[in-house]
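Data block below; observations after.
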Amino acid sequence: MSVVAEFTIDADEFLLGQIFSQDSVAHLELECVVPASRQIMPYVWIYGNGLDQTESSIRDSEQVETLTKLDQTDDSALYRIEWGDEQEGLIDGIIETNATILEARRKEKWFFRIRFDSHRQLTAFNTFCRRHSISVKLHNLYSLTDSGTPPKFELTDSQRETLFQAVRDGYFEVPRRTTLGEVGDKIGITEQTASENLRRGANKVLKNVLLGQR
């Protein structure tokens, strides 16, 4: 069963974010296309002032081979970017796990919505991020249903963040690879709060998944 993850990530955690991190453009969105090769992010819409400066930033990047402006309105432009062979970070993780970018945009941080063909792929992506010290903040995780409506499990933001961090760092593995204190430190809460979030969040998810199937 396919699963969709929605998360945010700091700009310096992946290549495109690094290129645009110093630009004055107000908003960026990636055009979603079916990947036929490693070129999984060839099209990007750029909104706001400073388009000329942004073009220079992209062309100056060692990882960019060519940049082509395809269309332009008063305050936005669509570009095609051909990347070099050397990609890194988040993008390599998406490529290695054969995931599909459904949505990606930047305002203050980058927001990604990515579909994985199975939970095994999601686990592989999580392992890749952990191995390469890529820090992502999960906001939602759901399986696709016939109705297309993602289950929310009625988790608070703090419960969702605690559960994700605990799973990401191996708290539920045998033997455990982290402690609740370490989980709390990473997301800025006390060990007691992390424990409460974990128990209440896990209870909501398990009730929804297990009892809801009966």
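Residue names in the structure tokens use chain letters A, B, ... in the order shown, residue numbers from 1 in each chain, and ligand numbers from 1 in the order shown.
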
Any chance you could list, as number ranges by chain, the residues in stretch 76-202 of chain A that come up helix (DSSP H, G or I) when DSSP is run on the backbone?
-> A: 90-96, 119-131, 157-168, 180-187, 191-202

Just the strand (DSSP E) stuff from stretch 37-132 of chain A, please, per backbone DSSP, written as a PyMOL selection string.
-> chain A and resi 43-47+64-72+76-83+100-106+110-116

Between A:Asp117, A:Lys186, A:Arg200, A:Lys137, which one has atoms that come closest to A:Thr156, using only C-alpha atoms?
->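 Residue with the minimum atom-to-atom distance to A:Thr156: A:Arg200.
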
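Ranking A:Ala104, A:Leu163, A:Ala99, A:Ala194 by their shortest atom-to-atom distance to A:Ser118, with only C-alpha atoms included, puts A:Ala99 first.
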
Find the distance between atom CA of A:Val4 and atom CA of A:Gly93 and write it in Å to one decimal.
-> 15.2 Å
